[in-house]
>>> print(open('work.pdb').read())   # PDB, C-alpha atoms and all ligand atoms
MODEL        1
ATOM      1  CA  MET A   1      16.968 -46.594 102.979
ATOM      2  CA  PHE A   2      15.544 -46.977 106.473
ATOM      3  CA  LEU A   3      11.943 -46.626 107.647
ATOM      4  CA  ALA A   4      11.185 -44.672 110.829
ATOM      5  CA  VAL A   5       7.828 -44.454 112.579
ATOM      6  CA  ASP A   6       6.830 -42.404 115.631
ATOM      7  CA  ILE A   7       3.451 -43.556 116.960
ATOM      8  CA  GLY A   8       2.292 -40.928 119.427
ATOM      9  CA  GLY A   9      -0.947 -40.632 121.377
ATOM     10  CA  THR A  10      -2.162 -37.827 119.093
ATOM     11  CA  LYS A  11      -0.019 -37.929 115.944
ATOM     12  CA  THR A  12       1.965 -40.450 113.950
ATOM     13  CA  ILE A  13       4.981 -39.645 111.757
ATOM     14  CA  VAL A  14       6.254 -42.008 109.076
ATOM     15  CA  ALA A  15       9.608 -41.137 107.490
ATOM     16  CA  SER A  16      12.386 -42.486 105.329
ATOM     17  CA  ALA A  17      15.992 -41.902 106.355
ATOM     18  CA  ASP A  18      19.380 -42.436 104.726
ATOM     19  CA  SER A  19      22.213 -44.428 106.279
ATOM     20  CA  GLU A  20      23.442 -41.301 108.102
ATOM     21  CA  GLY A  21      20.087 -40.985 109.855
ATOM     22  CA  THR A  22      19.011 -37.910 107.924
ATOM     23  CA  ILE A  23      15.254 -37.780 107.378
ATOM     24  CA  VAL A  24      14.578 -37.752 103.631
ATOM     25  CA  GLU A  25      10.780 -37.735 103.339
ATOM     26  CA  ARG A  26       8.026 -37.683 105.931
ATOM     27  CA  VAL A  27       4.267 -37.963 106.300
ATOM     28  CA  GLN A  28       2.285 -36.983 109.404
ATOM     29  CA  PHE A  29      -1.306 -37.810 110.373
ATOM     30  CA  ALA A  30      -3.541 -37.965 113.445
ATOM     31  CA  THR A  31      -3.144 -41.347 115.172
ATOM     32  CA  PRO A  32      -6.400 -43.287 114.714
ATOM     33  CA  LYS A  33      -8.059 -44.683 117.833
ATOM     34  CA  GLU A  34      -8.292 -48.139 116.291
ATOM     35  CA  LEU A  35      -5.185 -50.263 115.821
ATOM     36  CA  GLY A  36      -6.259 -51.671 112.434
ATOM     37  CA  SER A  37      -6.689 -48.292 110.764
ATOM     38  CA  GLY A  38      -3.487 -47.031 112.383
ATOM     39  CA  VAL A  39      -1.475 -49.886 110.883
ATOM     40  CA  GLU A  40      -3.128 -49.356 107.489
ATOM     41  CA  MET A  41      -2.278 -45.628 107.523
ATOM     42  CA  ILE A  42       1.355 -46.426 108.375
ATOM     43  CA  ARG A  43       1.503 -48.945 105.500
ATOM     44  CA  SER A  44       0.009 -46.459 103.073
ATOM     45  CA  ALA A  45       2.307 -43.604 104.198
ATOM     46  CA  ALA A  46       5.377 -45.852 103.932
ATOM     47  CA  SER A  47       4.431 -46.879 100.397
ATOM     48  CA  THR A  48       4.124 -43.192  99.433
ATOM     49  CA  ILE A  49       7.552 -42.247 100.760
ATOM     50  CA  GLY A  50       9.258 -45.544  99.898
ATOM     51  CA  ARG A  51       7.753 -45.863  96.397
ATOM     52  CA  LYS A  52       9.497 -48.867  94.895
ATOM     53  CA  LEU A  53      12.276 -48.799  97.465
ATOM     54  CA  SER A  54      12.631 -51.560  99.959
ATOM     55  CA  PHE A  55      13.737 -50.747 103.470
ATOM     56  CA  GLU A  56      16.868 -52.228 105.080
ATOM     57  CA  ALA A  57      15.328 -52.007 108.542
ATOM     58  CA  MET A  58      12.574 -50.236 110.444
ATOM     59  CA  GLY A  59      12.695 -48.314 113.728
ATOM     60  CA  VAL A  60       9.554 -47.614 115.755
ATOM     61  CA  ALA A  61       8.967 -45.257 118.693
ATOM     62  CA  ILE A  62       5.815 -46.164 120.634
ATOM     63  CA  GLY A  63       4.366 -45.583 124.099
ATOM     64  CA  GLY A  64       5.099 -48.122 126.823
ATOM     65  CA  PRO A  65       4.779 -50.438 128.551
ATOM     66  CA  LEU A  66       6.303 -52.820 126.011
ATOM     67  CA  SER A  67       8.451 -55.928 125.777
ATOM     68  CA  ILE A  68      11.226 -55.997 123.166
ATOM     69  CA  ARG A  69      11.703 -59.704 123.843
ATOM     70  CA  ASP A  70       8.045 -60.502 123.123
ATOM     71  CA  GLY A  71       7.800 -57.929 120.310
ATOM     72  CA  LYS A  72       4.693 -56.360 121.810
ATOM     73  CA  ALA A  73       3.556 -52.954 123.071
ATOM     74  CA  SER A  74       0.529 -51.740 125.053
ATOM     75  CA  PRO A  75       0.724 -47.916 124.907
ATOM     76  CA  LEU A  76      -0.731 -46.604 128.174
ATOM     77  CA  HIS A  77      -2.803 -43.836 126.559
ATOM     78  CA  GLN A  78      -4.030 -45.829 123.521
ATOM     79  CA  ALA A  79      -6.395 -48.435 124.952
ATOM     80  CA  ALA A  80      -7.316 -49.962 121.564
ATOM     81  CA  TRP A  81      -3.624 -50.545 120.706
ATOM     82  CA  SER A  82      -3.128 -52.808 123.716
ATOM     83  CA  ASP A  83      -1.098 -56.001 123.138
ATOM     84  CA  PHE A  84       0.024 -54.744 119.695
ATOM     85  CA  SER A  85       2.407 -57.245 118.057
ATOM     86  CA  VAL A  86       4.698 -54.517 116.707
ATOM     87  CA  ARG A  87       7.416 -56.771 115.299
ATOM     88  CA  GLU A  88       5.132 -59.381 113.744
ATOM     89  CA  VAL A  89       2.729 -56.884 112.143
ATOM     90  CA  PHE A  90       5.402 -54.634 110.632
ATOM     91  CA  TRP A  91       7.556 -57.557 109.503
ATOM     92  CA  GLY A  92       4.515 -58.844 107.662
ATOM     93  CA  LEU A  93       4.087 -55.485 105.927
ATOM     94  CA  PHE A  94       7.673 -54.495 105.122
ATOM     95  CA  GLN A  95       9.703 -57.753 105.249
ATOM     96  CA  CYS A  96      12.614 -56.097 107.059
ATOM     97  CA  PRO A  97      13.975 -56.297 110.625
ATOM     98  CA  VAL A  98      11.840 -54.241 113.040
ATOM     99  CA  PHE A  99      13.465 -52.469 116.001
ATOM    100  CA  PHE A 100      11.316 -50.675 118.526
ATOM    101  CA  ASP A 101      11.452 -49.101 121.970
ATOM    102  CA  VAL A 102       9.589 -46.789 124.340
ATOM    103  CA  ASP A 103       9.235 -43.392 122.619
ATOM    104  CA  THR A 104      11.135 -41.499 125.326
ATOM    105  CA  ASN A 105      14.099 -43.909 125.063
ATOM    106  CA  VAL A 106      14.039 -43.495 121.292
ATOM    107  CA  ALA A 107      13.954 -39.695 121.649
ATOM    108  CA  ALA A 108      16.923 -39.843 124.028
ATOM    109  CA  VAL A 109      18.836 -41.877 121.411
ATOM    110  CA  GLY A 110      17.892 -39.263 118.782
ATOM    111  CA  GLU A 111      19.219 -36.442 120.957
ATOM    112  CA  TYR A 112      22.401 -38.334 121.828
ATOM    113  CA  TYR A 113      23.352 -39.079 118.219
ATOM    114  CA  SER A 114      22.366 -35.659 116.880
ATOM    115  CA  ARG A 115      25.319 -34.074 118.685
ATOM    116  CA  ASN A 116      28.852 -34.043 117.327
ATOM    117  CA  GLU A 117      30.234 -34.025 120.829
ATOM    118  CA  LYS A 118      28.765 -36.899 122.813
ATOM    119  CA  VAL A 119      27.252 -35.913 126.159
ATOM    120  CA  ASP A 120      27.207 -38.811 128.632
ATOM    121  CA  PRO A 121      25.310 -39.471 130.857
ATOM    122  CA  LEU A 122      22.528 -37.637 129.063
ATOM    123  CA  LEU A 123      19.067 -37.396 130.614
ATOM    124  CA  TYR A 124      16.209 -36.626 128.224
ATOM    125  CA  VAL A 125      12.901 -35.558 129.775
ATOM    126  CA  THR A 126       9.762 -34.744 127.829
ATOM    127  CA  VAL A 127       6.705 -32.990 129.266
ATOM    128  CA  SER A 128       3.739 -32.852 126.903
ATOM    129  CA  THR A 129       0.235 -34.383 127.240
ATOM    130  CA  GLY A 130       1.952 -37.042 129.327
ATOM    131  CA  MET A 131       5.492 -37.204 130.586
ATOM    132  CA  GLY A 132       8.519 -39.476 130.306
ATOM    133  CA  GLY A 133      12.255 -39.695 130.037
ATOM    134  CA  GLY A 134      15.252 -41.725 128.979
ATOM    135  CA  LEU A 135      18.808 -41.864 130.264
ATOM    136  CA  ILE A 136      21.798 -42.570 128.027
ATOM    137  CA  ARG A 137      24.775 -43.957 129.926
ATOM    138  CA  ASP A 138      27.979 -45.238 128.278
ATOM    139  CA  GLY A 139      26.321 -44.612 124.909
ATOM    140  CA  LYS A 140      23.310 -46.812 125.583
ATOM    141  CA  VAL A 141      19.838 -46.484 127.064
ATOM    142  CA  PHE A 142      19.903 -47.262 130.784
ATOM    143  CA  ARG A 143      17.518 -50.122 131.555
ATOM    144  CA  GLY A 144      16.301 -51.778 134.706
ATOM    145  CA  VAL A 145      15.714 -55.390 135.622
ATOM    146  CA  ASP A 146      14.413 -57.538 132.741
ATOM    147  CA  SER A 147      15.142 -54.577 130.394
ATOM    148  CA  ASN A 148      12.411 -52.582 132.119
ATOM    149  CA  HIS A 149      12.119 -48.891 131.286
ATOM    150  CA  PRO A 150      12.608 -46.804 134.454
ATOM    151  CA  GLU A 151       9.696 -44.373 134.777
ATOM    152  CA  ILE A 152      11.072 -41.017 135.855
ATOM    153  CA  ALA A 153       7.631 -39.393 135.558
ATOM    154  CA  HIS A 154       6.217 -41.579 138.311
ATOM    155  CA  GLN A 155       8.565 -40.547 141.114
ATOM    156  CA  ALA A 156       6.900 -39.097 144.229
ATOM    157  CA  ILE A 157       7.106 -35.312 144.539
ATOM    158  CA  PRO A 158       6.449 -33.177 147.655
ATOM    159  CA  MET A 159       3.827 -30.629 146.549
ATOM    160  CA  VAL A 160       4.428 -26.912 147.047
ATOM    161  CA  ARG A 161       0.859 -26.658 148.374
ATOM    162  CA  ASN A 162      -1.943 -29.114 149.016
ATOM    163  CA  ILE A 163      -3.291 -29.964 145.556
ATOM    164  CA  GLU A 164      -6.301 -32.194 146.032
ATOM    165  CA  ASN A 165      -6.889 -33.424 142.487
ATOM    166  CA  ALA A 166      -3.320 -34.354 141.650
ATOM    167  CA  LYS A 167      -4.029 -37.817 140.315
ATOM    168  CA  CYS A 168      -1.709 -39.592 137.913
ATOM    169  CA  ALA A 169      -2.825 -41.826 135.012
ATOM    170  CA  CYS A 170      -1.089 -44.708 136.829
ATOM    171  CA  GLY A 171      -3.522 -44.333 139.755
ATOM    172  CA  LEU A 172      -1.226 -42.739 142.353
ATOM    173  CA  SER A 173      -1.706 -39.233 143.711
ATOM    174  CA  ASP A 174       1.816 -37.855 144.148
ATOM    175  CA  CYS A 175       3.554 -38.606 140.836
ATOM    176  CA  LEU A 176       5.517 -35.924 138.992
ATOM    177  CA  GLU A 177       3.441 -36.606 135.865
ATOM    178  CA  GLY A 178       0.243 -35.987 137.867
ATOM    179  CA  LEU A 179       1.515 -32.448 138.625
ATOM    180  CA  VAL A 180       3.201 -31.167 135.475
ATOM    181  CA  SER A 181       1.939 -32.976 132.354
ATOM    182  CA  GLY A 182      -0.501 -31.249 130.007
ATOM    183  CA  ARG A 183      -3.251 -33.590 131.195
ATOM    184  CA  ALA A 184      -2.417 -32.802 134.843
ATOM    185  CA  ILE A 185      -2.353 -29.044 134.225
ATOM    186  CA  GLU A 186      -5.834 -29.192 132.639
ATOM    187  CA  ARG A 187      -7.129 -31.076 135.676
ATOM    188  CA  ILE A 188      -5.418 -29.026 138.403
ATOM    189  CA  TYR A 189      -5.710 -25.515 136.960
ATOM    190  CA  GLY A 190      -8.775 -26.059 134.727
ATOM    191  CA  LYS A 191      -7.063 -24.655 131.628
ATOM    192  CA  PRO A 192      -4.483 -25.585 129.009
ATOM    193  CA  PRO A 193      -0.784 -24.914 129.746
ATOM    194  CA  ALA A 194      -0.745 -21.960 127.323
ATOM    195  CA  SER A 195      -3.260 -20.118 129.562
ATOM    196  CA  LEU A 196      -1.392 -20.520 132.872
ATOM    197  CA  ASP A 197      -0.502 -17.306 134.680
ATOM    198  CA  GLU A 198       2.943 -16.522 136.057
ATOM    199  CA  TRP A 199       2.308 -18.060 139.501
ATOM    200  CA  GLU A 200       0.829 -21.217 138.092
ATOM    201  CA  TRP A 201       3.842 -21.634 135.796
ATOM    202  CA  GLU A 202       6.098 -21.161 138.782
ATOM    203  CA  GLU A 203       4.369 -24.015 140.575
ATOM    204  CA  VAL A 204       4.771 -26.253 137.527
ATOM    205  CA  ALA A 205       8.450 -25.278 137.245
ATOM    206  CA  LEU A 206       9.041 -26.010 140.949
ATOM    207  CA  HIS A 207       7.454 -29.457 140.752
ATOM    208  CA  LEU A 208       9.420 -30.274 137.610
ATOM    209  CA  ALA A 209      12.628 -28.973 139.201
ATOM    210  CA  GLN A 210      12.135 -31.249 142.213
ATOM    211  CA  GLY A 211      11.848 -34.237 139.888
ATOM    212  CA  LEU A 212      15.001 -33.197 138.053
ATOM    213  CA  ARG A 213      16.798 -32.653 141.338
ATOM    214  CA  ASN A 214      15.975 -36.231 142.393
ATOM    215  CA  ALA A 215      17.043 -37.621 139.029
ATOM    216  CA  SER A 216      20.272 -35.582 139.083
ATOM    217  CA  THR A 217      21.089 -36.741 142.596
ATOM    218  CA  ILE A 218      20.678 -40.375 141.599
ATOM    219  CA  TYR A 219      22.065 -40.419 138.025
ATOM    220  CA  SER A 220      24.387 -37.392 138.053
ATOM    221  CA  PRO A 221      23.906 -36.611 134.340
ATOM    222  CA  GLU A 222      26.225 -34.274 132.460
ATOM    223  CA  LYS A 223      23.263 -32.665 130.769
ATOM    224  CA  ILE A 224      19.454 -32.676 130.980
ATOM    225  CA  ILE A 225      17.579 -32.045 127.739
ATOM    226  CA  LEU A 226      13.986 -30.903 128.113
ATOM    227  CA  GLY A 227      11.515 -31.581 125.323
ATOM    228  CA  GLY A 228       7.744 -31.698 124.857
ATOM    229  CA  SER A 229       5.202 -28.963 124.222
ATOM    230  CA  VAL A 230       4.556 -28.156 127.910
ATOM    231  CA  ALA A 231       8.224 -27.794 128.899
ATOM    232  CA  ILE A 232       9.093 -25.791 125.801
ATOM    233  CA  GLY A 233       5.854 -23.775 126.220
ATOM    234  CA  GLY A 234       7.118 -22.709 129.664
ATOM    235  CA  GLY A 235       9.878 -20.906 127.813
ATOM    236  CA  GLN A 236      13.038 -19.317 129.094
ATOM    237  CA  LYS A 237      11.409 -18.476 132.435
ATOM    238  CA  LEU A 238      10.715 -22.134 133.251
ATOM    239  CA  LEU A 239      14.237 -23.035 132.188
ATOM    240  CA  GLU A 240      15.747 -20.371 134.467
ATOM    241  CA  GLN A 241      13.601 -21.448 137.440
ATOM    242  CA  VAL A 242      14.630 -25.072 136.976
ATOM    243  CA  ARG A 243      18.309 -24.117 136.641
ATOM    244  CA  SER A 244      18.374 -21.974 139.754
ATOM    245  CA  PHE A 245      16.492 -24.602 141.797
ATOM    246  CA  LEU A 246      19.033 -27.260 140.785
ATOM    247  CA  ASP A 247      21.908 -24.905 141.384
ATOM    248  CA  TRP A 248      20.718 -24.227 144.912
ATOM    249  CA  ASN A 249      19.628 -27.733 145.848
ATOM    250  CA  LEU A 250      22.304 -29.962 144.378
ATOM    251  CA  ARG A 251      24.980 -29.897 147.041
ATOM    252  CA  LEU A 252      26.865 -33.147 146.561
ATOM    253  CA  VAL A 253      26.630 -33.851 142.843
ATOM    254  CA  ARG A 254      27.668 -31.579 140.000
ATOM    255  CA  CYS A 255      24.789 -29.445 138.774
ATOM    256  CA  PRO A 256      23.971 -30.615 135.221
ATOM    257  CA  GLU A 257      23.563 -28.280 132.305
ATOM    258  CA  VAL A 258      19.831 -27.936 131.447
ATOM    259  CA  ALA A 259      18.708 -27.011 127.931
ATOM    260  CA  PHE A 260      15.710 -27.321 125.655
ATOM    261  CA  SER A 261      15.811 -29.999 122.989
ATOM    262  CA  SER A 262      17.239 -28.869 119.659
ATOM    263  CA  LEU A 263      15.245 -31.561 117.811
ATOM    264  CA  GLY A 264      11.971 -30.576 119.501
ATOM    265  CA  LYS A 265       9.041 -32.720 118.345
ATOM    266  CA  ASP A 266      11.328 -34.561 115.926
ATOM    267  CA  ALA A 267      13.408 -36.252 118.635
ATOM    268  CA  PRO A 268      11.416 -39.547 118.499
ATOM    269  CA  ILE A 269      11.352 -39.815 114.677
ATOM    270  CA  VAL A 270      15.072 -38.999 114.390
ATOM    271  CA  GLY A 271      15.738 -41.576 117.129
ATOM    272  CA  ALA A 272      13.527 -44.161 115.364
ATOM    273  CA  ALA A 273      15.698 -43.846 112.240
ATOM    274  CA  ARG A 274      18.790 -44.204 114.427
ATOM    275  CA  ILE A 275      17.678 -47.420 116.186
ATOM    276  CA  ALA A 276      16.869 -48.923 112.757
ATOM    277  CA  ILE A 277      20.431 -48.126 111.601
ATOM    278  CA  LEU A 278      22.052 -49.346 114.841
ATOM    279  CA  GLY A 279      20.013 -52.560 114.735
ATOM    280  CA  TYR A 280      20.801 -53.165 111.064
ATOM    281  CA  ASN A 281      24.527 -52.458 111.447
ATOM    282  CA  GLY A 282      24.615 -54.681 114.507
ATOM    283  CA  GLY A 283      23.531 -57.730 112.560
ATOM    284  CA  GLY A 284      19.772 -57.333 112.408
ATOM    285  CA  ASP A 285      18.822 -59.535 115.353
ATOM    286  CA  GLU A 286      15.563 -57.904 116.416
ATOM    287  CA  SER A 287      15.526 -59.262 119.948
ATOM    288  CA  GLU A 288      18.947 -57.779 120.682
ATOM    289  CA  VAL A 289      18.989 -54.167 121.863
ATOM    290  CA  LEU A 290      21.942 -52.289 120.394
ATOM    291  CA  TRP A 291      21.148 -48.786 121.609
TER
HETATM  292 ZN    ZN B 301       2.124 -42.153 138.133
ENDMDL
END
>>> encode(input="work.pdb", output="structure tokens")
Amino acid sequence: MFLAVDIGGTKTIVASADSEGTIVERVQFATPKELGSGVEMIRSAASTIGRKLSFEAMGVAIGGPLSIRDGKASPLHQAAWSDFSVREVFWGLFQCPVFFDVDTNVAAVGEYYSRNEKVDPLLYVTVSTGMGGGLIRDGKVFRGVDSNHPEIAHQAIPMVRNIENAKCACGLSDCLEGLVSGRAIERIYGKPPASLDEWEWEEVALHLAQGLRNASTIYSPEKIILGGSVAIGGGQKLLEQVRSFLDWNLRLVRCPEVAFSSLGKDAPIVGAARIAILGYNGGGDESEVLW
């Protein structure tokens, strides 16, 4: 049995999975602000679902930035979890190899392996409270220098009108995330995404589409999978606007297929089980990245 954990800014999921990656049991709870109580709740949830079982390996999805080499993560939106020694702490609790990665990379892995027919390159983009993405190329997560996670949400976007309070969590004022994430929508439009009117949604869709156009031009993915509560909340209309924008504006690269995630909110937990299996089957060296 494998242990999978998705530590999100608002909720945490702890699950057991079989060697095929199928989730067997799961527990969900609100992520505590404090690191200590968060770790304790994960331990307690794992003991409930694992009972007397021991786990072959553990996979963890957590917010970046993080360093797989150092075994540490400092999730951007969880200040009290800064400098969290993910590998050391969980090894101490479960005595099994611990594999972890940025949640959006893990979700991309989950999406990639959940399909019978492999789509490659596959770009996964999630828009929820925050925003992020992961690219699978040749069956593996695309990484930058020093295994850095490329940050698709922090690309500069030309605004469709002058939006004065478009400020990103990273401090810049023209990031895609600062225009389309749930947090950004609250700040710009003064209401939650669910209350946006048709024109406001169109603006969000246009900004998102520009980001996907840039990413498509550079990576030329076969398919873009959109996940996250804001993107999915935009519904079929958002999807159609994004598709037609890409269709019109991608002149030199093939226009990728764009679809909503079939795993939805489960993409990171399914991916966490998968990286545990891939790591375990690959020999269990935790500092090696096999996905
Ligand atoms: Zn930014």
>>> axis_aligned_box(input="work.pdb", around="region 177-182 of chain A", padding_each_side="4 Å", output="JSON")
{"center_x": 1.5, "center_y": -33.9, "center_z": 134.3, "size_x": 11.9, "size_y": 13.4, "size_z": 16.6}
>>> residues_near_ligand(input="work.pdb", ligand="ligand ZN 301 (chain B)", cutoff="6 Å", atoms="all atoms listed in the file", output="list in words")
His154, Cys168, Ala169, Cys170, Leu172 and Cys175 of chain A
>>> closest_residue(input="work.pdb", among="A:Phe142, A:Phe245, A:Phe29, A:Phe84", to="Ile42 (chain A)", atoms="all atoms listed in the file")
A:Phe29
>>> residues_around(input="work.pdb", residues="Arg187 (chain A)", least_positions_apart="5", cutoff="10 Å", atoms="only C-alpha atoms", output="ChimeraX atom specification")
/A:165-167,178-179,181-182,192
>>> resolve_selection(input="work.pdb", expression="the PyMOL selection byres (((chain A and resi 103-113) around 7) and not hetatm)", output="VMD selection string")
chain A and resid 61 to 63 101 to 102 114 to 115 118 to 119 124 132 to 136 141 267 to 268 270 to 272 274
>>> residues_around(input="work.pdb", residues="Arg26 (chain A)", least_positions_apart="6", cutoff="7 Å", atoms="only C-alpha atoms", output="PDB file with C-alpha atoms, in the coordinates of the input")
ATOM      1  CA  ILE A  13       4.981 -39.645 111.757  1.00  0.00           C
ATOM      2  CA  VAL A  14       6.254 -42.008 109.076  1.00  0.00           C
ATOM      3  CA  ALA A  15       9.608 -41.137 107.490  1.00  0.00           C
ATOM      4  CA  SER A  16      12.386 -42.486 105.329  1.00  0.00           C
ATOM      5  CA  ILE A  49       7.552 -42.247 100.760  1.00  0.00           C
TER       6      ILE A  49
END
>>> closest_residue(input="work.pdb", among="A:Asn281, A:Thr217, A:Val289, A:Val27", to="Cys255 (chain A)", atoms="only C-alpha atoms")
A:Thr217
>>> resolve_selection(input="work.pdb", expression="the PyMOL selection byres (((chain A and resi 160) around 9) and not hetatm)", output="PyMOL selection string")
chain A and resi 158-159+161-163+203+206-207
>>> write_last_selection(input="work.pdb", atoms="C-alpha atoms", output="short mmCIF file (atom, residue, chain, number, x, y, z; two decimals), keeping the file's coordinate frame")
data_model
loop_
_atom_site.label_atom_id
_atom_site.label_comp_id
_atom_site.auth_asym_id
_atom_site.auth_seq_id
_atom_site.Cartn_x
_atom_site.Cartn_y
_atom_site.Cartn_z
CA PRO A 158 6.45 -33.18 147.66
CA MET A 159 3.83 -30.63 146.55
CA ARG A 161 0.86 -26.66 148.37
CA ASN A 162 -1.94 -29.11 149.02
CA ILE A 163 -3.29 -29.96 145.56
CA GLU A 203 4.37 -24.02 140.57
CA LEU A 206 9.04 -26.01 140.95
CA HIS A 207 7.45 -29.46 140.75
#
>>> build_atoms(input="work.pdb", residues="region 80-98 of chain A", atoms="N, CA and C atoms", output="PDB file, in the frame of the given file")
ATOM      1  N   ALA A  80      -7.007 -49.020 122.642  1.00  0.00           N
ATOM      2  CA  ALA A  80      -7.316 -49.962 121.564  1.00  0.00           C
ATOM      3  C   ALA A  80      -6.063 -50.558 120.918  1.00  0.00           C
ATOM      4  N   TRP A  81      -4.869 -50.018 121.266  1.00  0.00           N
ATOM      5  CA  TRP A  81      -3.624 -50.545 120.706  1.00  0.00           C
ATOM      6  C   TRP A  81      -2.973 -51.535 121.668  1.00  0.00           C
ATOM      7  N   SER A  82      -3.685 -51.928 122.705  1.00  0.00           N
ATOM      8  CA  SER A  82      -3.128 -52.808 123.716  1.00  0.00           C
ATOM      9  C   SER A  82      -2.715 -54.153 123.115  1.00  0.00           C
ATOM     10  N   ASP A  83      -1.577 -54.697 123.586  1.00  0.00           N
ATOM     11  CA  ASP A  83      -1.098 -56.001 123.138  1.00  0.00           C
ATOM     12  C   ASP A  83      -0.778 -56.022 121.637  1.00  0.00           C
ATOM     13  N   PHE A  84      -0.292 -54.903 121.116  1.00  0.00           N
ATOM     14  CA  PHE A  84       0.024 -54.744 119.695  1.00  0.00           C
ATOM     15  C   PHE A  84       1.312 -55.500 119.369  1.00  0.00           C
ATOM     16  N   SER A  85       1.225 -56.462 118.447  1.00  0.00           N
ATOM     17  CA  SER A  85       2.407 -57.245 118.057  1.00  0.00           C
ATOM     18  C   SER A  85       3.227 -56.440 117.044  1.00  0.00           C
ATOM     19  N   VAL A  86       3.965 -55.470 117.542  1.00  0.00           N
ATOM     20  CA  VAL A  86       4.698 -54.517 116.707  1.00  0.00           C
ATOM     21  C   VAL A  86       5.595 -55.227 115.688  1.00  0.00           C
ATOM     22  N   ARG A  87       6.421 -56.146 116.170  1.00  0.00           N
ATOM     23  CA  ARG A  87       7.416 -56.771 115.299  1.00  0.00           C
ATOM     24  C   ARG A  87       6.751 -57.640 114.234  1.00  0.00           C
ATOM     25  N   GLU A  88       5.788 -58.453 114.662  1.00  0.00           N
ATOM     26  CA  GLU A  88       5.132 -59.381 113.744  1.00  0.00           C
ATOM     27  C   GLU A  88       4.340 -58.624 112.663  1.00  0.00           C
ATOM     28  N   VAL A  89       3.578 -57.624 113.086  1.00  0.00           N
ATOM     29  CA  VAL A  89       2.729 -56.884 112.143  1.00  0.00           C
ATOM     30  C   VAL A  89       3.572 -56.140 111.120  1.00  0.00           C
ATOM     31  N   PHE A  90       4.599 -55.421 111.574  1.00  0.00           N
ATOM     32  CA  PHE A  90       5.402 -54.634 110.632  1.00  0.00           C
ATOM     33  C   PHE A  90       6.321 -55.516 109.780  1.00  0.00           C
ATOM     34  N   TRP A  91       6.767 -56.641 110.325  1.00  0.00           N
ATOM     35  CA  TRP A  91       7.556 -57.557 109.503  1.00  0.00           C
ATOM     36  C   TRP A  91       6.693 -58.070 108.356  1.00  0.00           C
ATOM     37  N   GLY A  92       5.452 -58.373 108.679  1.00  0.00           N
ATOM     38  CA  GLY A  92       4.515 -58.844 107.662  1.00  0.00           C
ATOM     39  C   GLY A  92       4.305 -57.816 106.557  1.00  0.00           C
ATOM     40  N   LEU A  93       4.337 -56.544 106.917  1.00  0.00           N
ATOM     41  CA  LEU A  93       4.087 -55.485 105.927  1.00  0.00           C
ATOM     42  C   LEU A  93       5.340 -55.131 105.129  1.00  0.00           C
ATOM     43  N   PHE A  94       6.482 -55.063 105.787  1.00  0.00           N
ATOM     44  CA  PHE A  94       7.673 -54.495 105.122  1.00  0.00           C
ATOM     45  C   PHE A  94       8.813 -55.498 104.898  1.00  0.00           C
ATOM     46  N   GLN A  95       8.676 -56.707 105.422  1.00  0.00           N
ATOM     47  CA  GLN A  95       9.703 -57.753 105.249  1.00  0.00           C
ATOM     48  C   GLN A  95      11.129 -57.256 105.534  1.00  0.00           C
ATOM     49  N   CYS A  96      11.271 -56.523 106.637  1.00  0.00           N
ATOM     50  CA  CYS A  96      12.614 -56.097 107.059  1.00  0.00           C
ATOM     51  C   CYS A  96      12.669 -56.189 108.586  1.00  0.00           C
ATOM     52  N   PRO A  97      13.886 -56.240 109.161  1.00  0.00           N
ATOM     53  CA  PRO A  97      13.975 -56.297 110.625  1.00  0.00           C
ATOM     54  C   PRO A  97      13.301 -55.078 111.262  1.00  0.00           C
ATOM     55  N   VAL A  98      12.579 -55.312 112.365  1.00  0.00           N
ATOM     56  CA  VAL A  98      11.840 -54.241 113.040  1.00  0.00           C
ATOM     57  C   VAL A  98      12.436 -54.027 114.431  1.00  0.00           C
TER      58      VAL A  98
END
